[in-house]
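Below: the structure, in structure tokens.
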Amino acid sequence: MEFRLLGPVGAWHAGRRLGPSTPQQRTVLAMLLLEPGRPVPVARLETALWASEPPGSARNAVQGHISRLRRLLAPFPEAALTTSARGYCLTTGCDRVDLHRFRELVRGAGGETDPERAAGLLRAALALWQGPPLTDVAGRWLPDVVLPGLEEERLAALERRAALDLRQGRHQEVAAELAPLVGEDPLRERLVTLLMTALSRGGHRTEALSVFRTVRRRFADELGLEPGEELQRLHQAILAGRDETAANGKTPAANGGTAAGSLAVPRHLPPDTEPFTAREDELAALDRLTAPRQEQAPPPCVVTGTGGVGKTTLAVHWAHRARDRFPDGQLYVNLQGYGPTHAARSPAEAVRLFLDALQVPPELIPATLEAQAGLYRSLLAGRRMLILLDNALDADQVRPLLPSAPGCLALITSRAELTGLVAAEGGRTLSLGLFSPAESRELLTRRLGVAKVGAEPQAVDDIVSRCAGLPLALSIVAARAQARPAFPLRALITGLEADGPDEPGSLDVFDGGDTGTNMRTVFSWSYRALSPEAARLFRLRGLLPAPELSASAAASLAGIAVREARRLLAELTRANLAAEPSPGRYGWHDLLRAYAEELTLLHDSEHERREALHRLLDHYLHSAHLGDGLLEMLHRVPLALAQPRPGVVVARIGDRAQSLAWFGREHRTLLAAIRHAARAGFDAHAWQLACACWGFLSQESRSDDQVAMYRIALEAALRLDDPAAQAHVRVGLAQALIRLGQDGTSGAHLRQALTLFRTLGDQVGQGVCLTYLSVLEDRRSRYAEGLELSEEALRLHRSAGDRAGEGRVLNNIGWFHARLGAYGQALRRCEEALLIHRELDDVAGESATLDSMGYIHHLLGQYEDAIAYYLRSLSWRGGKRALGARTLQRLGEAQVAAGRVAEGRRTLGRALDLVAELAPGDADALRARIHGLAPQGDS
């Protein structure tokens, strides 16, 4: 358990924020944590919450907040919240509260004689600040009274650490850190003095003098005063050209020159990003991947990921955190592998930049790249340096820049995977993924503040979804919000402040005003590096808004062989324009798909786009139809399809297990394909694809998905004015609605389908409709009516020569006879059905009939026989969980009736697990039944 005040207020455990959940409770917690172990009077808590005007119910409200905090802290003995006559007291160790850890580290730095250790303590203290403190509390007392003092403590610690860093020669880092702070508070003279000193010592005398002029004007305009004496003296020293390095007791050579053979200590890292969001796991991974090795150089570490995912941000932030490991300096170069021009920086140019940074005189630099690289590596020998190679194009660009000294590390960022570098040089790879929704919200909260984000939760959810977990996209939206503070967040994401709402999937809203913050431009740098064939596949991918594609789907889309598709997909993956989340499955986040859609509309003809989409839909339709035929369905109407287009690759599905696995992987994509087919005018594909998914959806009880698919399919069938299509779809829709308990609506669809099948003369279709209508009669306990419908269905299936349908309806007839008490007739009909199922090797029909026979024997009081039939039925059920749940429930009841109560309770418990998942509406009754069986052993 730890508590935080230096940022969002709350209690954390194992890295997760536990609460409190309301601003008022956070105010009370903060007040208790300002002085742990000391009672806080109720009146003081009231002041913190309501200032000078507490309501009449204030004391009761405070008591309520304390009660809720007690419940929050109850599991943690290290934090005790007690009540006394003096008020409320939270007793916990000061080391568990970030504010008090900060103060202890600052005190420790004050007593430290080693400047480097003192700076490290202050750095650790400042790292505890997770953003503006106390920003998510209620009331104005804490922000107005306590916050200014806390901010003063932070700035004082920062100033002390900056002064120590200047003594260590970290001029550039100090200047980069202090410049924005001085811009925010130019009247804080100590900050200004440190910034001017850093700029002057870093060789930026003109910038230092410019800072003084700006600050002097602000003093005159706002205070009518001149800056203080210390600042004036520094200004005069810089004007006189007195080098500040002399004040450190070091000669210029010792501070970075090359006199007497000394080597410069470059500090080339770009400024760190603040606030830095999330990526704790990735930072820890970098720590592991770059851990020093005994007597050998650590392998190069490659941070890879798609454009805009934050590779450079992460690498620079980690480099700043780890710079103490590299006291001899940090080199940085942007290799420009992906950028606004095609001209990536050559290795020779990069090596020369490094030699210049190490202050090698030009006359000593060799002519050839090989010799320059050798000199560069020689200069690093015996030193500990970090080389950050940003935005690399390929392995060849990087190899001449790799150090060989044991104390030196090359950290590389690239959109390409640089597999050659990993294979040949033993490099390590850290693949940077997209932000989770929680991390996305954290970024927005850190940039915009808790109040802004909390005021529009739905808009924030939409922004998080639209940005697809891409940090650059989130940062662009946050920057737009900061530039337009009066605008609601909803306007910023929809583009309402411009010419109207953006088109769905448009990238226009993600334009930060320059090439580096324009998502369309950032993506283009990766796209233009592709081969023409991979670029075409990437573009065509934008035709279907689906989460993933298989290699065979991609082959169908492009009209190429699967082997060629795999090669192109591998190229897209290496370029981080696709991801391979599981073997053979390739995904794209929404913004990349939107970019691909823009490109295909721009570069591919309408005919080519339509042919590609037709091939892809044919792939899904014929693959699903093949897989559906391998799943045993009790009642279905056969579906006839047209031949697939040339170039279509049908998935390899050879048995029932492969079919279930294929549908399991593809069901989200299939739903997206049905929706898009209907929108794009492929209405026949829309309804047929839904029907081809019937077996999987039914057996897995994915009734909600089935209803969604079939409603789209019904609209498509109605547009086609195709009676056969409408009849097929209405049966499938009705079957799903029956599972959801919507009997009235399902009955209406079945009666309409029955009429259509009669008009078409389709006897099998009529028989299926009558069978499902009989199910509705059974649910209403109208067994005679159900039997009559089943007898009519039997006549139709026999007339059509549908032997499988005949066998399954015979089982239904036996069921209804059992419900009516005619057990002998019921068994005879079920035995007739069983013969037909075995003749046809109809496993599903046999299993259903065995279940019915078990039920009949149960009604006859022959419980052991019933149990035997149920067990045989379950052995045939396989993966049919919905049917298995029903049989398990009956088996459990038979076991209870047979006196095997404990066994029956266990069986009913297994059935409940399935029912709770597949048919939650039926779970309460079964749960009550189990509860009503007193635990006892078997008789």
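In the structure tokens, each chain is lettered A, B, ... as it comes, each chain's residues begin at 1, and ligands are numbered from 1 in order of appearance.
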
Q: Check the DSSP output for the backbone and give back, as a ChimeraX atom specification, the residues of segment 295-430 of chain A in strand (DSSP E or B).
A: /A:296,301-304,330-334,386-392,409-414,428-430

Q: Fewer than 4 positions away in the same chain doesn't count, so skip those; otherwise give me all residues within 7 Å of Gly307 of chain A, counting only C-alpha atoms, as a list in words.
A: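 Those residues are Arg415, Val522 and Phe523 of chain A.
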
Limited to N, CA and C atoms, could you put the picked residues into a file as a JSON list (two decimals), in the first residue's frame?
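Writing done, so here's selection.json:
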[["chain", "number", "residue", "atom", "x", "y", "z"],
["A", 415, "ARG", "N", 11.13, 2.10, -37.42],
["A", 415, "ARG", "CA", 9.84, 1.51, -37.80],
["A", 415, "ARG", "C", 10.02, 0.12, -38.37],
["A", 522, "VAL", "N", 2.90, 11.18, -41.25],
["A", 522, "VAL", "CA", 3.74, 10.22, -40.52],
["A", 522, "VAL", "C", 3.58, 8.82, -41.10],
["A", 523, "PHE", "N", 2.35, 8.42, -41.41],
["A", 523, "PHE", "CA", 2.13, 7.11, -42.02],
["A", 523, "PHE", "C", 2.77, 7.04, -43.41]]

**Q.** Option closest in space to Gly805 of chain A, from A:Pro347, A:Gly10, A:Pro638, A:Gly932 [counting only C-alpha atoms]
**A.**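 For Gly805 of chain A, the nearest of the candidates is A:Pro638.
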
(Q) At a cut-off of 12 Å, using only C-alpha atoms, what residues contact Thr368 of chain A? Leave out same-chain residues fewer than 5 positions from it and give the result as number ranges by chain. (A) A: 347-349, 351-352, 373-375, 400

Would you put the residues from that selection into a file with N, CA and C atoms, as a PDB file, in the first residue's frame?
ATOM      1  N   PRO A 347      25.544   6.639 -43.205  1.00  0.00           N
ATOM      2  CA  PRO A 347      26.420   6.297 -42.081  1.00  0.00           C
ATOM      3  C   PRO A 347      27.644   7.200 -41.999  1.00  0.00           C
ATOM      4  N   ALA A 348      28.171   7.575 -43.158  1.00  0.00           N
ATOM      5  CA  ALA A 348      29.348   8.449 -43.145  1.00  0.00           C
ATOM      6  C   ALA A 348      29.035   9.797 -42.505  1.00  0.00           C
ATOM      7  N   GLU A 349      27.876  10.351 -42.830  1.00  0.00           N
ATOM      8  CA  GLU A 349      27.482  11.632 -42.243  1.00  0.00           C
ATOM      9  C   GLU A 349      27.280  11.504 -40.737  1.00  0.00           C
ATOM     10  N   VAL A 351      28.667   9.219 -38.669  1.00  0.00           N
ATOM     11  CA  VAL A 351      29.963   9.045 -37.995  1.00  0.00           C
ATOM     12  C   VAL A 351      30.688  10.377 -37.878  1.00  0.00           C
ATOM     13  N   ARG A 352      30.629  11.181 -38.925  1.00  0.00           N
ATOM     14  CA  ARG A 352      31.309  12.482 -38.884  1.00  0.00           C
ATOM     15  C   ARG A 352      30.694  13.387 -37.812  1.00  0.00           C
ATOM     16  N   ALA A 373      34.902   5.052 -38.913  1.00  0.00           N
ATOM     17  CA  ALA A 373      34.229   4.202 -37.942  1.00  0.00           C
ATOM     18  C   ALA A 373      35.242   3.593 -36.972  1.00  0.00           C
ATOM     19  N   GLY A 374      36.426   3.227 -37.482  1.00  0.00           N
ATOM     20  CA  GLY A 374      37.460   2.695 -36.606  1.00  0.00           C
ATOM     21  C   GLY A 374      37.932   3.723 -35.599  1.00  0.00           C
ATOM     22  N   LEU A 375      38.127   4.969 -36.037  1.00  0.00           N
ATOM     23  CA  LEU A 375      38.526   6.032 -35.116  1.00  0.00           C
ATOM     24  C   LEU A 375      37.443   6.273 -34.070  1.00  0.00           C
ATOM     25  N   PRO A 400      27.821   0.678 -39.039  1.00  0.00           N
ATOM     26  CA  PRO A 400      29.070   1.423 -38.794  1.00  0.00           C
ATOM     27  C   PRO A 400      29.043   2.263 -37.521  1.00  0.00           C
TER      28      PRO A 400
END

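Between atom CA of Ser556 of chain A and atom CA of Leu577 of chain A lies a distance of 19.4 Å.
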
(Q) Give me, as a list in words, all polymer residues having an atom no more than 7 Å from segment 609-625 of chain A, counting only C-alpha atoms and skipping those fewer than 5 positions away in the same chain. (A) Leu543, Ala553, Ser556, Leu557, Ala558, Asp604, Pro644, Arg645, Val648, Val649, Val650, Ala651, Ala673, His685, Leu689, Ala692 and Cys693 of chain A

Q: Quick one: pick out all helix (DSSP H, G or I) residues within segment 48-149 of chain A from a backbone DSSP run and write them as a ChimeraX atom specification.
A: /A:48-50,58-73,94-96,98-110,115-127,141-149

(Q) Need the shell around Tyr376 of chain A: protein/DNA/RNA residues with any atom at most 9 Å away, counting only C-alpha atoms. Skip same-chain ones fewer than 6 positions apart. Format as a PyMOL selection string? (A) chain A and resi 351-352+354-355+358+401+403

Save out the residues we just selected, C-alpha atoms, as a PDB file, in the first residue's frame.
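Result went into again_31.pdb, see below:
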ATOM      1  CA  VAL A 351      29.963   9.045 -37.995  1.00  0.00           C
ATOM      2  CA  ARG A 352      31.309  12.482 -38.884  1.00  0.00           C
ATOM      3  CA  PHE A 354      29.877  11.866 -33.769  1.00  0.00           C
ATOM      4  CA  LEU A 355      33.562  12.664 -34.386  1.00  0.00           C
ATOM      5  CA  LEU A 358      33.889  14.225 -29.638  1.00  0.00           C
ATOM      6  CA  LEU A 401      27.747   3.327 -35.758  1.00  0.00           C
ATOM      7  CA  PRO A 403      30.287   0.672 -30.498  1.00  0.00           C
TER       8      PRO A 403
END

Q. What does the distance between atom CA of Glu104 of chain A and atom CA of Val182 of chain A come to in Å, to one decimal place?
A. 26.6 Å

Q) If you count only C-alpha atoms, which residues fall within 9 Å of segment 114-116 of chain A, apart from same-chain ones fewer than 2 positions away, as a PyMOL selection string? A) chain A and resi 109+112+118-121+164-165+167-168

**Q.** Separation of atom CA of Phe510 of chain A from atom CA of Gln482 of chain A in Å
**A.**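 Spanning atom CA of Gln482 of chain A to atom CA of Phe510 of chain A is a straight-line distance of 14.4 Å.
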
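Remark: for Leu421 of chain A, the closest of the candidate residues A:Thr849, A:Ser524, A:Gln397, A:Gln458 is A:Gln397 (distances computed over only C-alpha atoms).
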
Q.
Using only C-alpha atoms for the distances, tell me which of A:Ser436, A:Gln330, A:Ser701, A:Gln658 is nearest to Ala916 of chain A.
A.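 Using only C-alpha atoms, Ala916 of chain A sits closest to A:Ser701.
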